[in-house]
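Here is the file coords10.cif (mmCIF, N, CA and C atoms).
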data_start
#
loop_
_atom_site.label_atom_id
_atom_site.label_comp_id
_atom_site.auth_asym_id
_atom_site.auth_seq_id
_atom_site.Cartn_x
_atom_site.Cartn_y
_atom_site.Cartn_z
N MET A 119 -27.19 63.39 -27.22
CA MET A 119 -26.44 62.47 -28.03
C MET A 119 -25.39 61.80 -27.16
N THR A 120 -25.19 60.52 -27.31
CA THR A 120 -24.21 59.76 -26.56
C THR A 120 -23.16 59.20 -27.50
N TYR A 121 -21.92 59.29 -27.07
CA TYR A 121 -20.81 58.75 -27.85
C TYR A 121 -20.11 57.68 -27.03
N GLN A 122 -19.56 56.71 -27.69
CA GLN A 122 -18.79 55.67 -27.03
C GLN A 122 -17.42 55.59 -27.68
N VAL A 123 -16.39 55.64 -26.86
CA VAL A 123 -15.02 55.57 -27.34
C VAL A 123 -14.30 54.49 -26.54
N LYS A 124 -13.53 53.67 -27.20
CA LYS A 124 -12.72 52.67 -26.52
C LYS A 124 -11.27 53.11 -26.63
N ALA A 125 -10.61 53.19 -25.49
CA ALA A 125 -9.21 53.60 -25.47
C ALA A 125 -8.40 52.57 -24.70
N GLU A 126 -7.24 52.27 -25.19
CA GLU A 126 -6.32 51.38 -24.50
C GLU A 126 -5.02 52.13 -24.31
N LYS A 127 -4.41 51.95 -23.15
CA LYS A 127 -3.15 52.63 -22.86
C LYS A 127 -2.13 51.60 -22.42
N VAL A 128 -0.96 51.67 -23.00
CA VAL A 128 0.15 50.79 -22.61
C VAL A 128 1.07 51.61 -21.71
N ILE A 129 1.37 51.05 -20.55
CA ILE A 129 2.21 51.73 -19.57
C ILE A 129 3.48 50.91 -19.37
N GLY A 130 4.61 51.56 -19.44
CA GLY A 130 5.90 50.87 -19.36
C GLY A 130 6.30 50.48 -17.95
N ARG A 131 5.44 49.78 -17.24
CA ARG A 131 5.73 49.27 -15.90
C ARG A 131 5.25 47.83 -15.81
N SER A 132 5.61 47.16 -14.74
CA SER A 132 5.16 45.77 -14.59
C SER A 132 3.64 45.74 -14.42
N VAL A 133 3.04 44.63 -14.77
CA VAL A 133 1.59 44.47 -14.65
C VAL A 133 1.17 44.68 -13.20
N ASP A 134 1.91 44.13 -12.26
CA ASP A 134 1.56 44.29 -10.84
C ASP A 134 1.64 45.74 -10.41
N ASP A 135 2.66 46.48 -10.86
CA ASP A 135 2.78 47.91 -10.52
C ASP A 135 1.55 48.69 -11.01
N VAL A 136 1.14 48.44 -12.24
CA VAL A 136 -0.01 49.14 -12.81
C VAL A 136 -1.29 48.76 -12.07
N PHE A 137 -1.46 47.46 -11.81
CA PHE A 137 -2.65 47.00 -11.09
C PHE A 137 -2.75 47.68 -9.73
N GLN A 138 -1.64 47.73 -9.00
CA GLN A 138 -1.64 48.36 -7.67
C GLN A 138 -1.87 49.87 -7.77
N ALA A 139 -1.37 50.51 -8.82
CA ALA A 139 -1.57 51.95 -9.00
C ALA A 139 -3.04 52.27 -9.27
N ILE A 140 -3.71 51.43 -10.03
CA ILE A 140 -5.14 51.64 -10.28
C ILE A 140 -5.91 51.41 -8.98
N LYS A 141 -5.61 50.34 -8.30
CA LYS A 141 -6.29 49.98 -7.06
C LYS A 141 -6.18 51.08 -6.01
N ALA A 142 -5.02 51.69 -5.91
CA ALA A 142 -4.78 52.74 -4.91
C ALA A 142 -5.17 54.13 -5.39
N GLY A 143 -5.53 54.27 -6.66
CA GLY A 143 -5.90 55.58 -7.20
C GLY A 143 -4.73 56.39 -7.71
N ARG A 144 -3.51 55.88 -7.59
CA ARG A 144 -2.33 56.62 -8.05
C ARG A 144 -2.33 56.84 -9.55
N LEU A 145 -2.88 55.90 -10.31
CA LEU A 145 -2.90 56.06 -11.76
C LEU A 145 -3.72 57.29 -12.16
N PHE A 146 -4.77 57.58 -11.41
CA PHE A 146 -5.60 58.73 -11.72
C PHE A 146 -4.87 60.05 -11.49
N MET A 147 -3.83 60.03 -10.65
CA MET A 147 -3.02 61.23 -10.44
C MET A 147 -2.35 61.64 -11.76
N ASN A 148 -2.00 60.67 -12.60
CA ASN A 148 -1.41 60.96 -13.90
C ASN A 148 -2.42 61.55 -14.87
N CYS A 149 -3.70 61.49 -14.52
CA CYS A 149 -4.76 62.04 -15.37
C CYS A 149 -5.21 63.40 -14.86
N GLY A 150 -4.44 63.99 -13.94
CA GLY A 150 -4.76 65.32 -13.43
C GLY A 150 -5.66 65.33 -12.21
N ALA A 151 -5.82 64.20 -11.56
CA ALA A 151 -6.70 64.14 -10.39
C ALA A 151 -6.12 64.94 -9.23
N TYR A 152 -6.99 65.64 -8.53
CA TYR A 152 -6.63 66.31 -7.29
C TYR A 152 -6.71 65.24 -6.20
N SER A 153 -5.59 64.92 -5.55
CA SER A 153 -5.52 63.75 -4.66
C SER A 153 -6.54 63.77 -3.54
N GLY A 154 -6.93 64.92 -3.06
CA GLY A 154 -7.89 65.00 -1.98
C GLY A 154 -9.31 64.65 -2.38
N THR A 155 -9.55 64.44 -3.67
CA THR A 155 -10.91 64.17 -4.13
C THR A 155 -11.11 62.76 -4.66
N ILE A 156 -10.06 61.95 -4.68
CA ILE A 156 -10.16 60.61 -5.26
C ILE A 156 -10.94 59.68 -4.33
N GLU A 157 -12.00 59.10 -4.87
CA GLU A 157 -12.78 58.10 -4.15
C GLU A 157 -12.87 56.87 -5.05
N ILE A 158 -12.49 55.72 -4.51
CA ILE A 158 -12.46 54.49 -5.31
C ILE A 158 -13.07 53.33 -4.52
N ASP A 159 -13.98 52.63 -5.17
CA ASP A 159 -14.52 51.38 -4.65
C ASP A 159 -14.04 50.31 -5.63
N PHE A 160 -12.84 49.78 -5.38
CA PHE A 160 -12.15 48.91 -6.33
C PHE A 160 -12.69 47.49 -6.29
N ARG A 161 -13.78 47.28 -6.97
CA ARG A 161 -14.41 45.97 -7.13
C ARG A 161 -15.28 46.06 -8.38
N VAL A 162 -15.61 44.93 -8.97
CA VAL A 162 -16.48 44.94 -10.14
C VAL A 162 -17.82 45.56 -9.73
N GLY A 163 -18.24 46.54 -10.48
CA GLY A 163 -19.46 47.28 -10.16
C GLY A 163 -19.20 48.47 -9.26
N GLY A 164 -17.97 48.56 -8.71
CA GLY A 164 -17.61 49.69 -7.85
C GLY A 164 -17.41 50.94 -8.68
N LYS A 165 -17.56 52.06 -8.05
CA LYS A 165 -17.44 53.36 -8.73
C LYS A 165 -16.16 54.07 -8.30
N TYR A 166 -15.72 55.00 -9.12
CA TYR A 166 -14.64 55.91 -8.75
C TYR A 166 -15.07 57.32 -9.13
N HIS A 167 -14.43 58.29 -8.50
CA HIS A 167 -14.78 59.69 -8.73
C HIS A 167 -13.59 60.55 -8.32
N PHE A 168 -13.28 61.57 -9.09
CA PHE A 168 -12.27 62.53 -8.68
C PHE A 168 -12.46 63.84 -9.44
N GLU A 169 -11.93 64.91 -8.85
CA GLU A 169 -11.94 66.23 -9.45
C GLU A 169 -10.58 66.47 -10.10
N ASN A 170 -10.59 67.18 -11.23
CA ASN A 170 -9.33 67.53 -11.89
C ASN A 170 -8.79 68.82 -11.29
N LYS A 171 -7.48 68.90 -11.20
CA LYS A 171 -6.82 70.09 -10.67
C LYS A 171 -7.12 71.31 -11.53
N GLY A 172 -7.79 72.28 -10.97
CA GLY A 172 -8.00 73.57 -11.61
C GLY A 172 -8.70 73.55 -12.96
N MET A 173 -9.35 72.46 -13.34
CA MET A 173 -9.95 72.38 -14.67
C MET A 173 -11.47 72.35 -14.63
N GLN A 174 -12.06 72.45 -13.45
CA GLN A 174 -13.52 72.45 -13.32
C GLN A 174 -14.16 71.22 -13.97
N LYS A 175 -13.50 70.09 -13.87
CA LYS A 175 -14.02 68.85 -14.43
C LYS A 175 -14.11 67.80 -13.34
N THR A 176 -15.10 66.94 -13.45
CA THR A 176 -15.24 65.79 -12.59
C THR A 176 -15.12 64.55 -13.45
N ASN A 177 -14.31 63.62 -13.05
CA ASN A 177 -14.20 62.34 -13.75
C ASN A 177 -14.81 61.27 -12.87
N PHE A 178 -15.50 60.33 -13.49
CA PHE A 178 -16.14 59.27 -12.72
C PHE A 178 -16.37 58.08 -13.63
N GLY A 179 -16.60 56.93 -13.04
CA GLY A 179 -16.86 55.74 -13.83
C GLY A 179 -17.10 54.54 -12.94
N GLU A 180 -17.12 53.40 -13.59
CA GLU A 180 -17.41 52.14 -12.92
C GLU A 180 -16.42 51.08 -13.38
N PHE A 181 -15.96 50.26 -12.44
CA PHE A 181 -15.08 49.15 -12.77
C PHE A 181 -15.91 48.00 -13.32
N LEU A 182 -15.58 47.55 -14.52
CA LEU A 182 -16.35 46.51 -15.20
C LEU A 182 -15.70 45.14 -15.09
N GLU A 183 -14.38 45.11 -15.07
CA GLU A 183 -13.66 43.83 -15.00
C GLU A 183 -12.36 44.03 -14.23
N ILE A 184 -12.18 43.25 -13.19
CA ILE A 184 -10.97 43.31 -12.38
C ILE A 184 -10.49 41.88 -12.14
N ILE A 185 -9.37 41.55 -12.73
CA ILE A 185 -8.71 40.27 -12.52
C ILE A 185 -7.27 40.60 -12.18
N PRO A 186 -6.79 40.19 -10.99
CA PRO A 186 -5.42 40.55 -10.61
C PRO A 186 -4.41 40.27 -11.71
N ASN A 187 -3.57 41.28 -11.94
CA ASN A 187 -2.47 41.22 -12.91
C ASN A 187 -2.92 40.99 -14.35
N LYS A 188 -4.12 41.43 -14.66
CA LYS A 188 -4.66 41.45 -16.03
C LYS A 188 -5.16 42.87 -16.28
N PRO A 189 -5.46 43.22 -17.52
CA PRO A 189 -6.01 44.56 -17.78
C PRO A 189 -7.28 44.80 -16.96
N VAL A 190 -7.39 45.99 -16.40
CA VAL A 190 -8.58 46.42 -15.65
C VAL A 190 -9.46 47.18 -16.63
N VAL A 191 -10.72 46.81 -16.69
CA VAL A 191 -11.67 47.46 -17.60
C VAL A 191 -12.59 48.35 -16.78
N PHE A 192 -12.68 49.64 -17.18
CA PHE A 192 -13.56 50.56 -16.47
C PHE A 192 -14.07 51.63 -17.42
N THR A 193 -15.20 52.21 -17.06
CA THR A 193 -15.76 53.30 -17.86
C THR A 193 -15.06 54.59 -17.43
N TRP A 194 -15.13 55.61 -18.30
CA TRP A 194 -14.50 56.91 -18.04
C TRP A 194 -15.46 57.98 -18.51
N CYS A 195 -15.94 58.77 -17.59
CA CYS A 195 -16.88 59.85 -17.93
C CYS A 195 -16.36 61.15 -17.36
N GLN A 196 -16.68 62.27 -18.04
CA GLN A 196 -16.31 63.59 -17.55
C GLN A 196 -17.54 64.47 -17.53
N ASP A 197 -17.65 65.23 -16.45
CA ASP A 197 -18.73 66.19 -16.29
C ASP A 197 -18.08 67.57 -16.30
N PHE A 198 -18.45 68.41 -17.23
CA PHE A 198 -17.85 69.75 -17.32
C PHE A 198 -18.70 70.75 -16.59
#

Could you take the file, read its structure, and then write that structure out as structure tokens?
Amino acid sequence: MTYQVKAEKVIGRSVDDVFQAIKAGRLFMNCGAYSGTIEIDFRVGGKYHFENKGMQKTNFGEFLEIIPNKPVVFTWCQDF
């Protein structure tokens, strides 16, 4: 069975700060990412992947829409 959920998050920082944090992978650190495992190909169609700290989870997805200083659209999947 497959489920689809749409989530939006508002972050109290400038648009450029958030864009740069996603691009560099820093935003994923706020999601529990172990910094040594973050891999990001920051382009439309590019993939990202990281392991969660001590939670035996892998997060991964694909960037669907990237326009500088606009919302970044990407998929979010977890493998337990």

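This file gives the following result for the PyMOL selection byres ((chain A and resi 155) around 7): Ala151, Tyr152, Ser153, Gly154, Ile156, Glu157, His167, Phe168 and Glu169 of chain A.
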
Hey, what comes out of the PyMOL selection byres ((chain A and resi 127-141) around 8) on this file? Could you write it as an mmCIF file with N, CA and C atoms, in the frame of the given file?
data_model
loop_
_atom_site.group_PDB
_atom_site.id
_atom_site.type_symbol
_atom_site.label_atom_id
_atom_site.label_comp_id
_atom_site.auth_asym_id
_atom_site.auth_seq_id
_atom_site.Cartn_x
_atom_site.Cartn_y
_atom_site.Cartn_z
ATOM 1 N N LYS A 124 -13.530 53.670 -27.200
ATOM 2 C CA LYS A 124 -12.720 52.670 -26.520
ATOM 3 C C LYS A 124 -11.270 53.110 -26.630
ATOM 4 N N ALA A 125 -10.610 53.190 -25.490
ATOM 5 C CA ALA A 125 -9.210 53.600 -25.470
ATOM 6 C C ALA A 125 -8.400 52.570 -24.700
ATOM 7 N N GLU A 126 -7.240 52.270 -25.190
ATOM 8 C CA GLU A 126 -6.320 51.380 -24.500
ATOM 9 C C GLU A 126 -5.020 52.130 -24.310
ATOM 10 N N ALA A 142 -5.020 51.690 -5.910
ATOM 11 C CA ALA A 142 -4.780 52.740 -4.910
ATOM 12 C C ALA A 142 -5.170 54.130 -5.390
ATOM 13 N N GLY A 143 -5.530 54.270 -6.660
ATOM 14 C CA GLY A 143 -5.900 55.580 -7.200
ATOM 15 C C GLY A 143 -4.730 56.390 -7.710
ATOM 16 N N ARG A 144 -3.510 55.880 -7.590
ATOM 17 C CA ARG A 144 -2.330 56.620 -8.050
ATOM 18 C C ARG A 144 -2.330 56.840 -9.550
ATOM 19 N N LEU A 145 -2.880 55.900 -10.310
ATOM 20 C CA LEU A 145 -2.900 56.060 -11.760
ATOM 21 C C LEU A 145 -3.720 57.290 -12.160
ATOM 22 N N PHE A 146 -4.770 57.580 -11.410
ATOM 23 C CA PHE A 146 -5.600 58.730 -11.720
ATOM 24 C C PHE A 146 -4.870 60.050 -11.490
ATOM 25 N N MET A 147 -3.830 60.030 -10.650
ATOM 26 C CA MET A 147 -3.020 61.230 -10.440
ATOM 27 C C MET A 147 -2.350 61.640 -11.760
ATOM 28 N N ILE A 158 -12.490 55.720 -4.510
ATOM 29 C CA ILE A 158 -12.460 54.490 -5.310
ATOM 30 C C ILE A 158 -13.070 53.330 -4.520
ATOM 31 N N ASP A 159 -13.980 52.630 -5.170
ATOM 32 C CA ASP A 159 -14.520 51.380 -4.650
ATOM 33 C C ASP A 159 -14.040 50.310 -5.630
ATOM 34 N N PHE A 160 -12.840 49.780 -5.380
ATOM 35 C CA PHE A 160 -12.150 48.910 -6.330
ATOM 36 C C PHE A 160 -12.690 47.490 -6.290
ATOM 37 N N ARG A 161 -13.780 47.280 -6.970
ATOM 38 C CA ARG A 161 -14.410 45.970 -7.130
ATOM 39 C C ARG A 161 -15.280 46.060 -8.380
ATOM 40 N N ILE A 185 -9.370 41.550 -12.730
ATOM 41 C CA ILE A 185 -8.710 40.270 -12.520
ATOM 42 C C ILE A 185 -7.270 40.600 -12.180
ATOM 43 N N PRO A 186 -6.790 40.190 -10.990
ATOM 44 C CA PRO A 186 -5.420 40.550 -10.610
ATOM 45 C C PRO A 186 -4.410 40.270 -11.710
ATOM 46 N N ASN A 187 -3.570 41.280 -11.940
ATOM 47 C CA ASN A 187 -2.470 41.220 -12.910
ATOM 48 C C ASN A 187 -2.920 40.990 -14.350
ATOM 49 N N LYS A 188 -4.120 41.430 -14.660
ATOM 50 C CA LYS A 188 -4.660 41.450 -16.030
ATOM 51 C C LYS A 188 -5.160 42.870 -16.280
ATOM 52 N N PRO A 189 -5.460 43.220 -17.520
ATOM 53 C CA PRO A 189 -6.010 44.560 -17.780
ATOM 54 C C PRO A 189 -7.280 44.800 -16.960
ATOM 55 N N VAL A 190 -7.390 45.990 -16.400
ATOM 56 C CA VAL A 190 -8.580 46.420 -15.650
ATOM 57 C C VAL A 190 -9.460 47.180 -16.630
#

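Between atom C of Asp197 (chain A) and atom N of Val162 (chain A) lies a distance of 23.9 Å.
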
**Item:** Residues returned when the PyMOL selection byres ((chain A and resi 194) around 6) runs on this file, as a list in words
**Value:** Phe178, Gly179, Glu180, Phe192, Thr193, Cys195 and Gln196 of chain A

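For the pair CA of Tyr166 (chain A) and CA of Glu183 (chain A), the separation is 13.6 Å.
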
Completion step: region 184-195 of chain A with all heavy atoms as a PDB file, in the coordinates of the input:
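The result, stored in out_1.pdb:
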ATOM      1  N   ILE A 184     -12.180  43.250 -13.190  1.00  0.00           N
ATOM      2  CA  ILE A 184     -10.970  43.310 -12.380  1.00  0.00           C
ATOM      3  C   ILE A 184     -10.490  41.880 -12.140  1.00  0.00           C
ATOM      4  O   ILE A 184     -11.149  41.102 -11.457  1.00  0.00           O
ATOM      5  CB  ILE A 184     -11.218  43.992 -11.021  1.00  0.00           C
ATOM      6  CG1 ILE A 184     -11.685  45.436 -11.220  1.00  0.00           C
ATOM      7  CG2 ILE A 184      -9.942  43.937 -10.166  1.00  0.00           C
ATOM      8  CD1 ILE A 184     -12.125  46.112  -9.938  1.00  0.00           C
ATOM      9  N   ILE A 185      -9.370  41.550 -12.730  1.00  0.00           N
ATOM     10  CA  ILE A 185      -8.710  40.270 -12.520  1.00  0.00           C
ATOM     11  C   ILE A 185      -7.270  40.600 -12.180  1.00  0.00           C
ATOM     12  O   ILE A 185      -6.595  41.273 -12.965  1.00  0.00           O
ATOM     13  CB  ILE A 185      -8.781  39.378 -13.786  1.00  0.00           C
ATOM     14  CG1 ILE A 185     -10.240  39.125 -14.176  1.00  0.00           C
ATOM     15  CG2 ILE A 185      -8.025  38.069 -13.570  1.00  0.00           C
ATOM     16  CD1 ILE A 185     -10.410  38.480 -15.546  1.00  0.00           C
ATOM     17  N   PRO A 186      -6.790  40.190 -10.990  1.00  0.00           N
ATOM     18  CA  PRO A 186      -5.420  40.550 -10.610  1.00  0.00           C
ATOM     19  C   PRO A 186      -4.410  40.270 -11.710  1.00  0.00           C
ATOM     20  O   PRO A 186      -4.411  39.204 -12.324  1.00  0.00           O
ATOM     21  CB  PRO A 186      -5.166  39.680  -9.370  1.00  0.00           C
ATOM     22  CG  PRO A 186      -6.532  39.506  -8.781  1.00  0.00           C
ATOM     23  CD  PRO A 186      -7.449  39.372  -9.985  1.00  0.00           C
ATOM     24  N   ASN A 187      -3.570  41.280 -11.940  1.00  0.00           N
ATOM     25  CA  ASN A 187      -2.470  41.220 -12.910  1.00  0.00           C
ATOM     26  C   ASN A 187      -2.920  40.990 -14.350  1.00  0.00           C
ATOM     27  O   ASN A 187      -2.179  40.447 -15.164  1.00  0.00           O
ATOM     28  CB  ASN A 187      -1.431  40.198 -12.473  1.00  0.00           C
ATOM     29  CG  ASN A 187      -0.831  40.572 -11.144  1.00  0.00           C
ATOM     30  OD1 ASN A 187      -0.582  41.751 -10.882  1.00  0.00           O
ATOM     31  ND2 ASN A 187      -0.628  39.612 -10.281  1.00  0.00           N
ATOM     32  N   LYS A 188      -4.120  41.430 -14.660  1.00  0.00           N
ATOM     33  CA  LYS A 188      -4.660  41.450 -16.030  1.00  0.00           C
ATOM     34  C   LYS A 188      -5.160  42.870 -16.280  1.00  0.00           C
ATOM     35  O   LYS A 188      -5.297  43.672 -15.361  1.00  0.00           O
ATOM     36  CB  LYS A 188      -5.813  40.459 -16.184  1.00  0.00           C
ATOM     37  CG  LYS A 188      -5.442  39.020 -15.939  1.00  0.00           C
ATOM     38  CD  LYS A 188      -4.602  38.479 -17.063  1.00  0.00           C
ATOM     39  CE  LYS A 188      -4.305  37.003 -16.847  1.00  0.00           C
ATOM     40  NZ  LYS A 188      -3.388  36.480 -17.814  1.00  0.00           N
ATOM     41  N   PRO A 189      -5.460  43.220 -17.520  1.00  0.00           N
ATOM     42  CA  PRO A 189      -6.010  44.560 -17.780  1.00  0.00           C
ATOM     43  C   PRO A 189      -7.280  44.800 -16.960  1.00  0.00           C
ATOM     44  O   PRO A 189      -8.119  43.922 -16.826  1.00  0.00           O
ATOM     45  CB  PRO A 189      -6.311  44.534 -19.284  1.00  0.00           C
ATOM     46  CG  PRO A 189      -5.352  43.531 -19.838  1.00  0.00           C
ATOM     47  CD  PRO A 189      -5.248  42.474 -18.772  1.00  0.00           C
ATOM     48  N   VAL A 190      -7.390  45.990 -16.400  1.00  0.00           N
ATOM     49  CA  VAL A 190      -8.580  46.420 -15.650  1.00  0.00           C
ATOM     50  C   VAL A 190      -9.460  47.180 -16.630  1.00  0.00           C
ATOM     51  O   VAL A 190      -9.000  48.087 -17.320  1.00  0.00           O
ATOM     52  CB  VAL A 190      -8.194  47.300 -14.459  1.00  0.00           C
ATOM     53  CG1 VAL A 190      -9.428  47.839 -13.750  1.00  0.00           C
ATOM     54  CG2 VAL A 190      -7.313  46.522 -13.491  1.00  0.00           C
ATOM     55  N   VAL A 191     -10.720  46.810 -16.690  1.00  0.00           N
ATOM     56  CA  VAL A 191     -11.670  47.460 -17.600  1.00  0.00           C
ATOM     57  C   VAL A 191     -12.590  48.350 -16.780  1.00  0.00           C
ATOM     58  O   VAL A 191     -13.184  47.903 -15.798  1.00  0.00           O
ATOM     59  CB  VAL A 191     -12.507  46.402 -18.374  1.00  0.00           C
ATOM     60  CG1 VAL A 191     -13.493  47.084 -19.300  1.00  0.00           C
ATOM     61  CG2 VAL A 191     -11.585  45.461 -19.147  1.00  0.00           C
ATOM     62  N   PHE A 192     -12.680  49.640 -17.180  1.00  0.00           N
ATOM     63  CA  PHE A 192     -13.560  50.560 -16.470  1.00  0.00           C
ATOM     64  C   PHE A 192     -14.070  51.630 -17.420  1.00  0.00           C
ATOM     65  O   PHE A 192     -13.470  51.886 -18.457  1.00  0.00           O
ATOM     66  CB  PHE A 192     -12.857  51.197 -15.252  1.00  0.00           C
ATOM     67  CG  PHE A 192     -11.579  51.938 -15.572  1.00  0.00           C
ATOM     68  CD1 PHE A 192     -11.576  53.302 -15.814  1.00  0.00           C
ATOM     69  CD2 PHE A 192     -10.369  51.267 -15.586  1.00  0.00           C
ATOM     70  CE1 PHE A 192     -10.400  53.984 -16.075  1.00  0.00           C
ATOM     71  CE2 PHE A 192      -9.182  51.930 -15.851  1.00  0.00           C
ATOM     72  CZ  PHE A 192      -9.201  53.299 -16.099  1.00  0.00           C
ATOM     73  N   THR A 193     -15.200  52.210 -17.060  1.00  0.00           N
ATOM     74  CA  THR A 193     -15.760  53.300 -17.860  1.00  0.00           C
ATOM     75  C   THR A 193     -15.060  54.590 -17.430  1.00  0.00           C
ATOM     76  O   THR A 193     -14.495  54.692 -16.341  1.00  0.00           O
ATOM     77  CB  THR A 193     -17.276  53.437 -17.670  1.00  0.00           C
ATOM     78  OG1 THR A 193     -17.547  53.750 -16.293  1.00  0.00           O
ATOM     79  CG2 THR A 193     -17.997  52.165 -18.074  1.00  0.00           C
ATOM     80  N   TRP A 194     -15.130  55.610 -18.300  1.00  0.00           N
ATOM     81  CA  TRP A 194     -14.500  56.910 -18.040  1.00  0.00           C
ATOM     82  C   TRP A 194     -15.460  57.980 -18.510  1.00  0.00           C
ATOM     83  O   TRP A 194     -15.765  58.060 -19.700  1.00  0.00           O
ATOM     84  CB  TRP A 194     -13.181  56.995 -18.802  1.00  0.00           C
ATOM     85  CG  TRP A 194     -12.445  58.292 -18.620  1.00  0.00           C
ATOM     86  CD1 TRP A 194     -12.623  59.433 -19.349  1.00  0.00           C
ATOM     87  CD2 TRP A 194     -11.429  58.573 -17.675  1.00  0.00           C
ATOM     88  NE1 TRP A 194     -11.778  60.408 -18.915  1.00  0.00           N
ATOM     89  CE2 TRP A 194     -11.023  59.889 -17.883  1.00  0.00           C
ATOM     90  CE3 TRP A 194     -10.816  57.817 -16.673  1.00  0.00           C
ATOM     91  CZ2 TRP A 194     -10.027  60.488 -17.113  1.00  0.00           C
ATOM     92  CZ3 TRP A 194      -9.830  58.429 -15.925  1.00  0.00           C
ATOM     93  CH2 TRP A 194      -9.433  59.749 -16.149  1.00  0.00           C
ATOM     94  N   CYS A 195     -15.940  58.770 -17.590  1.00  0.00           N
ATOM     95  CA  CYS A 195     -16.880  59.850 -17.930  1.00  0.00           C
ATOM     96  C   CYS A 195     -16.360  61.150 -17.360  1.00  0.00           C
ATOM     97  O   CYS A 195     -15.676  61.165 -16.329  1.00  0.00           O
ATOM     98  CB  CYS A 195     -18.263  59.553 -17.347  1.00  0.00           C
ATOM     99  SG  CYS A 195     -18.971  57.996 -17.881  1.00  0.00           S
TER     100      CYS A 195
END
